[in-house]
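Source file: structure-v9.pdb. Holds: PDB, C-alpha atoms and all ligand atoms.
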```pdb
ATOM      1  CA  MET A   1      96.313-146.173-170.454  1.00  0.00           C
ATOM      2  CA  ASN A   2      98.308-147.052-173.576  1.00  0.00           C
ATOM      3  CA  ALA A   3      97.183-144.874-176.492  1.00  0.00           C
ATOM      4  CA  ASP A   4      98.390-147.459-179.071  1.00  0.00           C
ATOM      5  CA  PHE A   5      95.432-149.721-178.359  1.00  0.00           C
ATOM      6  CA  ASP A   6      91.882-149.185-179.547  1.00  0.00           C
ATOM      7  CA  LEU A   7      89.145-150.325-177.195  1.00  0.00           C
ATOM      8  CA  PRO A   8      87.782-152.966-176.933  1.00  0.00           C
ATOM      9  CA  TYR A   9      91.014-154.917-176.630  1.00  0.00           C
ATOM     10  CA  PRO A  10      91.298-158.507-177.873  1.00  0.00           C
ATOM     11  CA  HIS A  11      91.213-161.043-175.018  1.00  0.00           C
ATOM     12  CA  TYR A  12      90.804-164.282-176.943  1.00  0.00           C
ATOM     13  CA  ARG A  13      91.442-165.619-180.428  1.00  0.00           C
ATOM     14  CA  CYS A  14      88.887-167.653-182.377  1.00  0.00           C
ATOM     15  CA  PRO A  15      90.368-171.138-183.054  1.00  0.00           C
ATOM     16  CA  GLU A  16      88.134-171.421-186.159  1.00  0.00           C
ATOM     17  CA  CYS A  17      89.026-168.223-188.049  1.00  0.00           C
ATOM     18  CA  GLY A  18      91.901-166.680-186.073  1.00  0.00           C
ATOM     19  CA  LYS A  19      90.014-163.454-185.331  1.00  0.00           C
ATOM     20  CA  ASP A  20      91.039-161.622-182.160  1.00  0.00           C
ATOM     21  CA  LEU A  21      88.030-161.252-179.879  1.00  0.00           C
ATOM     22  CA  PRO A  22      87.091-158.739-177.221  1.00  0.00           C
ATOM     23  CA  VAL A  23      85.452-160.553-174.267  1.00  0.00           C
ATOM     24  CA  GLY A  24      81.899-159.688-175.263  1.00  0.00           C
ATOM     25  CA  GLU A  25      82.276-161.382-178.666  1.00  0.00           C
ATOM     26  CA  ALA A  26      83.825-164.619-177.353  1.00  0.00           C
ATOM     27  CA  ARG A  27      81.692-167.792-177.020  1.00  0.00           C
ATOM     28  CA  MET A  28      82.322-171.147-175.326  1.00  0.00           C
ATOM     29  CA  THR A  29      82.316-174.575-176.889  1.00  0.00           C
ATOM     30  CA  VAL A  30      82.627-178.094-175.427  1.00  0.00           C
ATOM     31  CA  THR A  31      84.903-180.660-177.020  1.00  0.00           C
ATOM     32  CA  CYS A  32      86.563-184.058-176.419  1.00  0.00           C
ATOM     33  CA  ALA A  33      89.664-183.950-174.204  1.00  0.00           C
ATOM     34  CA  GLY A  34      91.675-185.285-177.156  1.00  0.00           C
ATOM     35  CA  HIS A  35      90.529-182.440-179.385  1.00  0.00           C
ATOM     36  CA  THR A  36      91.751-179.525-177.286  1.00  0.00           C
ATOM     37  CA  GLN A  37      94.304-177.750-179.405  1.00  0.00           C
ATOM     38  CA  LYS A  38      97.796-177.486-177.952  1.00  0.00           C
ATOM     39  CA  ASN A  39     100.493-176.153-180.267  1.00  0.00           C
ATOM     40  CA  PRO A  40     103.576-176.255-178.078  1.00  0.00           C
ATOM     41  CA  VAL A  41     105.793-173.178-178.020  1.00  0.00           C
ATOM     42  CA  GLU A  42     109.112-172.727-176.266  1.00  0.00           C
ATOM     43  CA  PHE A  43     108.754-170.408-173.300  1.00  0.00           C
ATOM     44  CA  SER A  44     110.242-169.834-169.877  1.00  0.00           C
ATOM     45  CA  VAL A  45     108.955-168.266-166.660  1.00  0.00           C
ATOM     46  CA  ARG A  46     110.845-165.872-164.395  1.00  0.00           C
ATOM     47  CA  THR A  47     110.221-163.196-161.780  1.00  0.00           C
ATOM     48  CA  ALA A  48     109.980-159.674-163.191  1.00  0.00           C
ATOM     49  CA  THR A  49     112.540-156.963-162.527  1.00  0.00           C
ATOM     50  CA  ALA A  50     112.251-153.165-162.742  1.00  0.00           C
ATOM     51  CA  ALA A  51     113.284-153.388-166.427  1.00  0.00           C
ATOM     52  CA  ASP A  52     110.019-155.239-167.222  1.00  0.00           C
ATOM     53  CA  ARG A  53     107.786-152.357-166.162  1.00  0.00           C
ATOM     54  CA  SER A  54     106.661-151.206-169.615  1.00  0.00           C
ATOM     55  CA  ALA A  55     105.944-154.763-170.853  1.00  0.00           C
ATOM     56  CA  ILE A  56     103.865-155.342-167.704  1.00  0.00           C
ATOM     57  CA  GLU A  57     101.996-152.061-168.204  1.00  0.00           C
ATOM     58  CA  ARG A  58     101.250-153.082-171.777  1.00  0.00           C
ATOM     59  CA  ILE A  59      99.740-156.491-170.925  1.00  0.00           C
ATOM     60  CA  CYS A  60      97.782-154.954-168.008  1.00  0.00           C
ATOM     61  CA  ASP A  61      96.464-152.316-170.364  1.00  0.00           C
ATOM     62  CA  GLN A  62      95.187-155.001-172.716  1.00  0.00           C
ATOM     63  CA  ALA A  63      93.750-157.182-169.933  1.00  0.00           C
ATOM     64  CA  LEU A  64      92.374-154.529-167.573  1.00  0.00           C
ATOM     65  CA  GLY A  65      92.817-151.095-169.158  1.00  0.00           C
ATOM     66  CA  GLU A  66      95.019-150.134-166.185  1.00  0.00           C
ATOM     67  CA  THR A  67      97.441-151.682-163.688  1.00  0.00           C
ATOM     68  CA  VAL A  68      95.137-151.409-160.680  1.00  0.00           C
ATOM     69  CA  THR A  69      92.480-153.989-159.875  1.00  0.00           C
ATOM     70  CA  ASP A  70      90.052-154.641-157.011  1.00  0.00           C
ATOM     71  CA  VAL A  71      89.840-158.188-155.682  1.00  0.00           C
ATOM     72  CA  PHE A  72      88.994-159.633-152.252  1.00  0.00           C
ATOM     73  CA  GLY A  73      87.734-156.221-151.177  1.00  0.00           C
ATOM     74  CA  SER A  74      91.166-154.611-151.613  1.00  0.00           C
ATOM     75  CA  THR A  75      92.870-152.601-154.336  1.00  0.00           C
ATOM     76  CA  PHE A  76      96.059-154.077-155.790  1.00  0.00           C
ATOM     77  CA  ASP A  77      98.454-152.364-158.185  1.00  0.00           C
ATOM     78  CA  VAL A  78     100.121-154.978-160.393  1.00  0.00           C
ATOM     79  CA  LEU A  79     103.238-152.791-160.495  1.00  0.00           C
ATOM     80  CA  ASP A  80     103.647-153.279-156.724  1.00  0.00           C
ATOM     81  CA  GLY A  81     103.256-157.067-156.946  1.00  0.00           C
ATOM     82  CA  ILE A  82     105.577-160.048-157.341  1.00  0.00           C
ATOM     83  CA  ASN A  83     105.152-160.533-161.058  1.00  0.00           C
ATOM     84  CA  LEU A  84     105.795-163.840-162.796  1.00  0.00           C
ATOM     85  CA  LEU A  85     106.463-163.487-166.507  1.00  0.00           C
ATOM     86  CA  ALA A  86     106.277-166.048-169.293  1.00  0.00           C
ATOM     87  CA  GLU A  87     108.539-165.163-172.191  1.00  0.00           C
ATOM     88  CA  SER A  88     109.081-166.559-175.643  1.00  0.00           C
ATOM     89  CA  GLY A  89     111.723-165.239-177.995  1.00  0.00           C
ATOM     90  CA  GLY A  90     112.496-162.444-175.531  1.00  0.00           C
ATOM     91  CA  GLN A  91     108.878-161.216-175.596  1.00  0.00           C
ATOM     92  CA  LEU A  92     106.384-161.207-172.733  1.00  0.00           C
ATOM     93  CA  ILE A  93     103.586-163.651-173.589  1.00  0.00           C
ATOM     94  CA  GLY A  94     101.868-164.041-170.222  1.00  0.00           C
ATOM     95  CA  LEU A  95     101.750-162.549-166.735  1.00  0.00           C
ATOM     96  CA  MET A  96     100.661-163.738-163.329  1.00  0.00           C
ATOM     97  CA  SER A  97     100.729-160.935-160.799  1.00  0.00           C
ATOM     98  CA  THR A  98     100.790-161.991-157.165  1.00  0.00           C
ATOM     99  CA  ALA A  99     100.910-160.406-153.745  1.00  0.00           C
ATOM    100  CA  VAL A 100     101.636-161.874-150.335  1.00  0.00           C
ATOM    101  CA  PHE A 101      98.537-161.013-148.348  1.00  0.00           C
ATOM    102  CA  GLY A 102      97.105-162.478-145.137  1.00  0.00           C
ATOM    103  CA  GLY A 103      99.708-165.280-144.993  1.00  0.00           C
ATOM    104  CA  GLU A 104      99.029-166.612-148.482  1.00  0.00           C
ATOM    105  CA  ILE A 105      99.660-165.772-152.120  1.00  0.00           C
ATOM    106  CA  THR A 106      96.889-163.740-153.707  1.00  0.00           C
ATOM    107  CA  VAL A 107      96.765-163.985-157.490  1.00  0.00           C
ATOM    108  CA  VAL A 108      95.901-160.455-158.556  1.00  0.00           C
ATOM    109  CA  LEU A 109      95.894-160.979-162.343  1.00  0.00           C
ATOM    110  CA  THR A 110      96.496-163.802-164.834  1.00  0.00           C
ATOM    111  CA  SER A 111      96.690-162.886-168.472  1.00  0.00           C
ATOM    112  CA  VAL A 112      98.111-164.626-171.530  1.00  0.00           C
ATOM    113  CA  TYR A 113      98.157-162.890-174.901  1.00  0.00           C
ATOM    114  CA  PRO A 114      95.512-164.433-177.195  1.00  0.00           C
ATOM    115  CA  GLU A 115      98.005-165.821-179.724  1.00  0.00           C
ATOM    116  CA  HIS A 116      99.733-167.828-176.953  1.00  0.00           C
ATOM    117  CA  GLN A 117      96.682-169.169-175.108  1.00  0.00           C
ATOM    118  CA  GLY A 118      96.081-172.904-174.919  1.00  0.00           C
ATOM    119  CA  THR A 119      99.796-173.762-175.031  1.00  0.00           C
ATOM    120  CA  GLY A 120     100.420-174.381-171.331  1.00  0.00           C
ATOM    121  CA  VAL A 121     101.584-170.853-170.436  1.00  0.00           C
ATOM    122  CA  GLY A 122      98.828-170.349-167.852  1.00  0.00           C
ATOM    123  CA  ALA A 123      99.596-173.743-166.276  1.00  0.00           C
ATOM    124  CA  ALA A 124     103.307-172.870-166.019  1.00  0.00           C
ATOM    125  CA  LEU A 125     102.451-169.561-164.343  1.00  0.00           C
ATOM    126  CA  ILE A 126     100.345-171.395-161.727  1.00  0.00           C
ATOM    127  CA  ASP A 127     103.280-173.742-161.077  1.00  0.00           C
ATOM    128  CA  ALA A 128     105.585-170.729-160.629  1.00  0.00           C
ATOM    129  CA  ALA A 129     103.162-169.086-158.165  1.00  0.00           C
ATOM    130  CA  ASN A 130     102.924-172.384-156.286  1.00  0.00           C
ATOM    131  CA  ASP A 131     106.735-172.567-156.076  1.00  0.00           C
ATOM    132  CA  LEU A 132     106.913-168.952-154.908  1.00  0.00           C
ATOM    133  CA  ALA A 133     104.455-169.739-152.104  1.00  0.00           C
ATOM    134  CA  ALA A 134     106.343-172.928-151.170  1.00  0.00           C
ATOM    135  CA  LYS A 135     109.661-171.020-150.944  1.00  0.00           C
ATOM    136  CA  ARG A 136     108.065-168.512-148.598  1.00  0.00           C
ATOM    137  CA  ASN A 137     106.453-171.222-146.471  1.00  0.00           C
ATOM    138  CA  LEU A 138     102.964-170.022-147.338  1.00  0.00           C
ATOM    139  CA  ALA A 139     100.245-172.658-147.184  1.00  0.00           C
ATOM    140  CA  SER A 140      97.834-171.569-149.912  1.00  0.00           C
ATOM    141  CA  LEU A 141      97.068-169.565-153.025  1.00  0.00           C
ATOM    142  CA  ARG A 142      93.823-167.712-153.638  1.00  0.00           C
ATOM    143  CA  VAL A 143      92.294-166.225-156.767  1.00  0.00           C
ATOM    144  CA  ALA A 144      89.104-164.354-157.587  1.00  0.00           C
ATOM    145  CA  VAL A 145      87.134-164.432-160.834  1.00  0.00           C
ATOM    146  CA  THR A 146      83.966-162.661-161.822  1.00  0.00           C
ATOM    147  CA  ASN A 147      80.881-164.794-162.510  1.00  0.00           C
ATOM    148  CA  ASP A 148      80.990-164.212-166.277  1.00  0.00           C
ATOM    149  CA  ASP A 149      84.599-165.367-166.671  1.00  0.00           C
ATOM    150  CA  ILE A 150      83.951-169.016-167.459  1.00  0.00           C
ATOM    151  CA  PRO A 151      87.380-169.630-169.094  1.00  0.00           C
ATOM    152  CA  LEU A 152      89.204-168.513-165.933  1.00  0.00           C
ATOM    153  CA  LEU A 153      86.794-170.403-163.640  1.00  0.00           C
ATOM    154  CA  TYR A 154      87.410-173.548-165.707  1.00  0.00           C
ATOM    155  CA  PHE A 155      91.147-172.953-165.820  1.00  0.00           C
ATOM    156  CA  TYR A 156      91.617-172.497-162.061  1.00  0.00           C
ATOM    157  CA  GLN A 157      89.387-175.452-161.118  1.00  0.00           C
ATOM    158  CA  ARG A 158      91.315-177.645-163.572  1.00  0.00           C
ATOM    159  CA  HIS A 159      94.396-176.672-161.573  1.00  0.00           C
ATOM    160  CA  GLY A 160      92.998-177.692-158.195  1.00  0.00           C
ATOM    161  CA  PHE A 161      91.449-174.446-156.951  1.00  0.00           C
ATOM    162  CA  ALA A 162      88.099-174.854-155.172  1.00  0.00           C
ATOM    163  CA  ILE A 163      85.441-172.216-154.583  1.00  0.00           C
ATOM    164  CA  TYR A 164      85.231-171.191-150.930  1.00  0.00           C
ATOM    165  CA  GLU A 165      83.208-167.985-151.097  1.00  0.00           C
ATOM    166  CA  VAL A 166      81.034-165.995-153.468  1.00  0.00           C
ATOM    167  CA  ALA A 167      80.761-162.255-152.901  1.00  0.00           C
ATOM    168  CA  VAL A 168      77.300-161.893-154.417  1.00  0.00           C
ATOM    169  CA  GLY A 169      76.771-158.553-156.150  1.00  0.00           C
ATOM    170  CA  GLU A 170      80.294-157.327-155.289  1.00  0.00           C
ATOM    171  CA  ALA A 171      81.337-156.545-158.878  1.00  0.00           C
ATOM    172  CA  ALA A 172      78.031-154.891-159.803  1.00  0.00           C
ATOM    173  CA  ASP A 173      78.174-152.768-156.627  1.00  0.00           C
ATOM    174  CA  ARG A 174      81.752-151.749-157.379  1.00  0.00           C
ATOM    175  CA  PHE A 175      80.903-150.553-160.891  1.00  0.00           C
ATOM    176  CA  GLY A 176      77.455-149.202-159.998  1.00  0.00           C
ATOM    177  CA  SER A 177      75.697-151.706-162.299  1.00  0.00           C
ATOM    178  CA  ALA A 178      76.206-155.136-163.898  1.00  0.00           C
ATOM    179  CA  SER A 179      78.151-154.370-167.058  1.00  0.00           C
ATOM    180  CA  PRO A 180      78.486-156.981-169.837  1.00  0.00           C
ATOM    181  CA  GLY A 181      81.528-159.249-169.520  1.00  0.00           C
ATOM    182  CA  PHE A 182      82.575-162.519-171.160  1.00  0.00           C
ATOM    183  CA  SER A 183      80.005-163.441-173.849  1.00  0.00           C
ATOM    184  CA  ALA A 184      78.021-160.378-172.682  1.00  0.00           C
ATOM    185  CA  ILE A 185      77.119-162.169-169.406  1.00  0.00           C
ATOM    186  CA  PRO A 186      76.355-159.484-166.773  1.00  0.00           C
ATOM    187  CA  VAL A 187      79.279-159.102-164.341  1.00  0.00           C
ATOM    188  CA  ARG A 188      77.743-159.251-160.849  1.00  0.00           C
ATOM    189  CA  ASP A 189      79.614-161.490-158.436  1.00  0.00           C
ATOM    190  CA  GLU A 190      83.166-162.264-157.337  1.00  0.00           C
ATOM    191  CA  ILE A 191      83.879-165.977-156.993  1.00  0.00           C
ATOM    192  CA  ARG A 192      86.794-166.736-154.655  1.00  0.00           C
ATOM    193  CA  LEU A 193      88.848-169.900-154.941  1.00  0.00           C
ATOM    194  CA  ARG A 194      91.728-171.324-152.963  1.00  0.00           C
ATOM    195  CA  ARG A 195      94.278-174.121-153.357  1.00  0.00           C
ATOM    196  CA  ASN A 196      96.822-175.579-150.973  1.00  0.00           C
ATOM    197  CA  VAL A 197     100.439-175.223-152.004  1.00  0.00           C
ATOM    198  CA  CYS A 198     101.876-178.483-153.390  1.00  0.00           C
ATOM    199  CA  ASN A 199     105.486-179.430-152.788  1.00  0.00           C
ATOM    200  CA  ARG A 200     106.630-180.320-156.306  1.00  0.00           C
TER
HETATM  201  C1  LIG A 301      92.506-168.400-168.888  1.00  0.00           C
HETATM  202  C2  LIG A 301      93.938-168.181-169.351  1.00  0.00           C
HETATM  203  C3  LIG A 301      94.753-167.544-168.242  1.00  0.00           C
HETATM  204  C4  LIG A 301      94.526-169.548-169.643  1.00  0.00           C
HETATM  205  O1  LIG A 301      95.874-169.384-170.053  1.00  0.00           O
HETATM  206  P1  LIG A 301      96.494-170.405-171.111  1.00  0.00           P
HETATM  207  O2  LIG A 301      97.912-170.072-171.309  1.00  0.00           O
HETATM  208  O3  LIG A 301      95.612-170.490-172.284  1.00  0.00           O
HETATM  209  O4  LIG A 301      96.419-171.730-170.234  1.00  0.00           O
HETATM  210  P2  LIG A 301      96.852-173.215-170.589  1.00  0.00           P
HETATM  211  O5  LIG A 301      97.285-173.305-172.002  1.00  0.00           O
HETATM  212  O6  LIG A 301      97.753-173.672-169.523  1.00  0.00           O
HETATM  213  O7  LIG A 301      95.491-173.992-170.375  1.00  0.00           O
HETATM  214  C5  LIG A 301      94.368-173.572-171.025  1.00  0.00           C
HETATM  215  C6  LIG A 301      93.252-174.433-170.576  1.00  0.00           C
HETATM  216  O8  LIG A 301      92.089-173.645-170.617  1.00  0.00           O
HETATM  217  C7  LIG A 301      91.379-173.940-171.803  1.00  0.00           C
HETATM  218  N1  LIG A 301      91.268-172.615-172.402  1.00  0.00           N
HETATM  219  C8  LIG A 301      90.632-171.609-171.812  1.00  0.00           C
HETATM  220  N2  LIG A 301      90.686-170.534-172.608  1.00  0.00           N
HETATM  221  C9  LIG A 301      91.369-170.862-173.690  1.00  0.00           C
HETATM  222  C10 LIG A 301      91.748-170.190-174.862  1.00  0.00           C
HETATM  223  N3  LIG A 301      91.398-168.940-175.074  1.00  0.00           N
HETATM  224  N4  LIG A 301      92.471-170.819-175.769  1.00  0.00           N
HETATM  225  C11 LIG A 301      92.820-172.096-175.562  1.00  0.00           C
HETATM  226  N5  LIG A 301      92.495-172.778-174.458  1.00  0.00           N
HETATM  227  C12 LIG A 301      91.761-172.176-173.536  1.00  0.00           C
HETATM  228  C13 LIG A 301      92.190-174.986-172.557  1.00  0.00           C
HETATM  229  O9  LIG A 301      91.331-175.939-173.145  1.00  0.00           O
HETATM  230  C14 LIG A 301      93.039-175.575-171.477  1.00  0.00           C
HETATM  231  O10 LIG A 301      92.283-176.518-170.785  1.00  0.00           O
HETATM  232  P3  LIG A 301      92.825-178.014-170.506  1.00  0.00           P
HETATM  233  O11 LIG A 301      94.055-177.840-169.645  1.00  0.00           O
HETATM  234  O12 LIG A 301      91.689-178.631-169.806  1.00  0.00           O
HETATM  235  O13 LIG A 301      93.134-178.593-171.851  1.00  0.00           O
HETATM  236  C15 LIG A 301      93.995-167.344-170.646  1.00  0.00           C
HETATM  237  O14 LIG A 301      93.096-167.864-171.569  1.00  0.00           O
HETATM  238  C16 LIG A 301      93.723-165.871-170.391  1.00  0.00           C
HETATM  239  O15 LIG A 301      94.635-165.082-170.245  1.00  0.00           O
HETATM  240  N6  LIG A 301      92.458-165.476-170.298  1.00  0.00           N
HETATM  241  C17 LIG A 301      92.132-164.112-169.979  1.00  0.00           C
HETATM  242  C18 LIG A 301      92.076-163.285-171.212  1.00  0.00           C
HETATM  243  C19 LIG A 301      92.866-162.027-171.045  1.00  0.00           C
HETATM  244  O16 LIG A 301      93.156-161.542-169.997  1.00  0.00           O
HETATM  245  N7  LIG A 301      93.213-161.505-172.156  1.00  0.00           N
HETATM  246  C20 LIG A 301      94.007-160.343-172.202  1.00  0.00           C
HETATM  247  C21 LIG A 301      95.119-160.608-173.158  1.00  0.00           C
HETATM  248  S1  LIG A 301      96.478-159.581-172.831  1.00  0.00           S
END
```

Output the file's structure as structure tokens, nothing else.
Ligand SMILES: CC(C)(COP(=O)(O)OP(=O)(O)OC[C@H]1O[C@@H](n2cnc3c(N)ncnc32)[C@H](O)[C@@H]1OP(=O)(O)O)[C@@H](O)C(=O)NCCC(=O)NCCS
Amino acid sequence: MNADFDLPYPHYRCPECGKDLPVGEARMTVTCAGHTQKNPVEFSVRTATAADRSAIERICDQALGETVTDVFGSTFDVLDGINLLAESGGQLIGLMSTAVFGGEITVVLTSVYPEHQGTGVGAALIDAANDLAAKRNLASLRVAVTNDDIPLLYFYQRHGFAIYEVAVGEAADRFGSASPGFSAIPVRDEIRLRRNVCNR
């Protein structure tokens, strides 16, 4: 774990006051489609190389506290994955870590630094994962989110993913109890979603 960061790490930024928020302090709001804030920034997406290792470790540290994560009943190390990076001004601003597993792309982690969220980075990373799957002739992409993670559940469904399975109690069993997650909602279940690859 990176000693430069103090727990709990910021995951979101308050659009009202600009405060960086750990997940437990974040709250949801509902607004008109026309009022969602989008301040465009210039960024590009590419596949990571060995030289990106420390930047990847840093964003994983902030998102997960480590590079290893358990999804779909398996353990994935982000450092072993096919990592798609969004960069702006030469800096990593977002990561989608993927693995080819069971004939499809598994999204292992999606994380955008709080100051760059809401600017289309996450959407561009989904497009890049879709293109990766298309190039490899894979038919689908799958992702897993925990029940508390309403922003990610919203985000993936907005991008065409549909729930196909809920592993009830999986997350609570893994950690031994239901610990507080987004907005202090108890983390209990793993919600699994899938989307067909689109030829763009
Ligand atoms: C969910 C997540 C991947 C979305 O990435 P993003 O770059 O903000 O995605 P986009 O800008 O393409 O789209 C954001 C969409 O989600 C909504 N949204 C969800 N969370 C948001 C946030 N924190 N800020 C702004 N918009 C957010 C937007 O309204 C937008 O919806 P719309 O397309 O219907 O207008 C990102 O918020 C994230 O990384 N969350 C996890 C937090 C985390 O891991 N933090 C660790 C930081 S290192």

> Out of A:Phe155, A:Tyr113, A:Phe76, A:Phe43, which residue has the shortest atom-to-atom distance to A:Gly89 when counting only C-alpha atoms?
Replying inline: A:Phe43

> So which residues are near ligand LIG 301 (chain A), meaning at most 6 Å away with only C-alpha atoms and all ligand atoms counted, given back as number ranges by chain?
Replying inline: A: 11-12, 36, 59, 62-63, 110-114, 117-123, 151-152, 155

Write out as JSON lines the residues of stretch 131-180 of chain A that have any atom within 9 Å of an atom of stretch 96-104 of chain A, one row each with the nearest atom pair and its distance in Å to one decimal, counting all atoms listed in the file, sorted by chain and then rising number.
```
{"residue": "A:Ala133", "atom": "CA", "partner": "A:Glu104", "partner_atom": "CA", "distance": 7.2}
{"residue": "A:Asn137", "atom": "CA", "partner": "A:Glu104", "partner_atom": "CA", "distance": 9.0}
{"residue": "A:Leu138", "atom": "CA", "partner": "A:Glu104", "partner_atom": "CA", "distance": 5.3}
{"residue": "A:Ala139", "atom": "CA", "partner": "A:Glu104", "partner_atom": "CA", "distance": 6.3}
{"residue": "A:Ser140", "atom": "CA", "partner": "A:Glu104", "partner_atom": "CA", "distance": 5.3}
{"residue": "A:Leu141", "atom": "CA", "partner": "A:Glu104", "partner_atom": "CA", "distance": 5.8}
{"residue": "A:Arg142", "atom": "CA", "partner": "A:Glu104", "partner_atom": "CA", "distance": 7.4}
```

> So which residues get picked by the PyMOL selection byres (((chain A and resi 26) around 8) and not hetatm) here, written as a list in words?
Replying inline: Tyr12, Cys14, Leu21, Pro22, Val23, Gly24, Glu25, Arg27, Met28, Phe182 and Ser183 of chain A

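Residue nearest A:Val145 within the list A:Asp70, A:Gly94, A:Leu85, A:Asn130: A:Asp70 [criterion: smallest interatomic distance, only C-alpha atoms].
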
> By how many Å are atom CA of A:Ala33 and atom CA of A:Tyr164 apart?
Replying inline: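 For atom CA of A:Ala33 relative to atom CA of A:Tyr164, the distance reads 26.9 Å.
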
> Which one of A:Ala134, A:Val71, A:Ile105, A:Ile126 sits closest to A:Arg192 if you count all atoms listed in the file?
Replying inline: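 Once distances to A:Arg192 are computed over all atoms listed in the file, the minimum belongs to A:Val71.
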
> Expressed in Å to a single decimal, how great is the separation between atom CA of A:Thr67 and atom CA of A:Leu79?
Replying inline: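 Taking atom CA of A:Thr67 as the start and atom CA of A:Leu79 as the end point, the length is 6.7 Å.
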
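Distances from A:Leu132, A:Asp148, A:Gly65, A:Glu87 to A:Pro10 were compared using only C-alpha atoms, and the smallest one belongs to A:Gly65.
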
>> One number please: atom CA of A:Val187 to atom CA of A:Asp80, in Å, one decimal.
In response: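 That distance, rounded to one decimal, is 26.2 Å.
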
> What do you get, as JSON, numbers by chain, if you spell out every residue that the PyMOL selection byres (((chain A and resi 53-55) around 12) and not hetatm) selects here?
Replying inline: {"A": [1, 2, 47, 48, 49, 50, 51, 52, 56, 57, 58, 59, 60, 61, 62, 67, 78, 79, 80, 81, 82, 83, 85, 86, 87, 90, 91, 92, 93, 94, 95, 113]}

> If you count only C-alpha atoms, which residues fall within 7 Å of A:Glu190, apart from same-chain ones fewer than 5 positions away, as a ChimeraX atom specification?
Replying inline: /A:144-147,166-168,170-171

Draw an axis-aligned box tight on the listed atoms of stretch 163-172 of chain A, then pad every side by 3 Å and write out centre and edge lengths in Å to one decimal as JSON.
```
{"center_x": 81.1, "center_y": -163.6, "center_z": -155.4, "size_x": 14.7, "size_y": 23.3, "size_z": 14.9}
```

> Looking at A:Ser74, A:Ala128, A:Val108, A:Glu115, which one is nearest to A:Val41, with distances taken over all atoms listed in the file?
Replying inline: A:Glu115

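Of the residues under consideration (A:His159, A:Asp131, A:Ala124, A:Leu84), A:Asp131 shows the shortest atom-to-atom contact distance to A:Asn199 when counting all atoms listed in the file.
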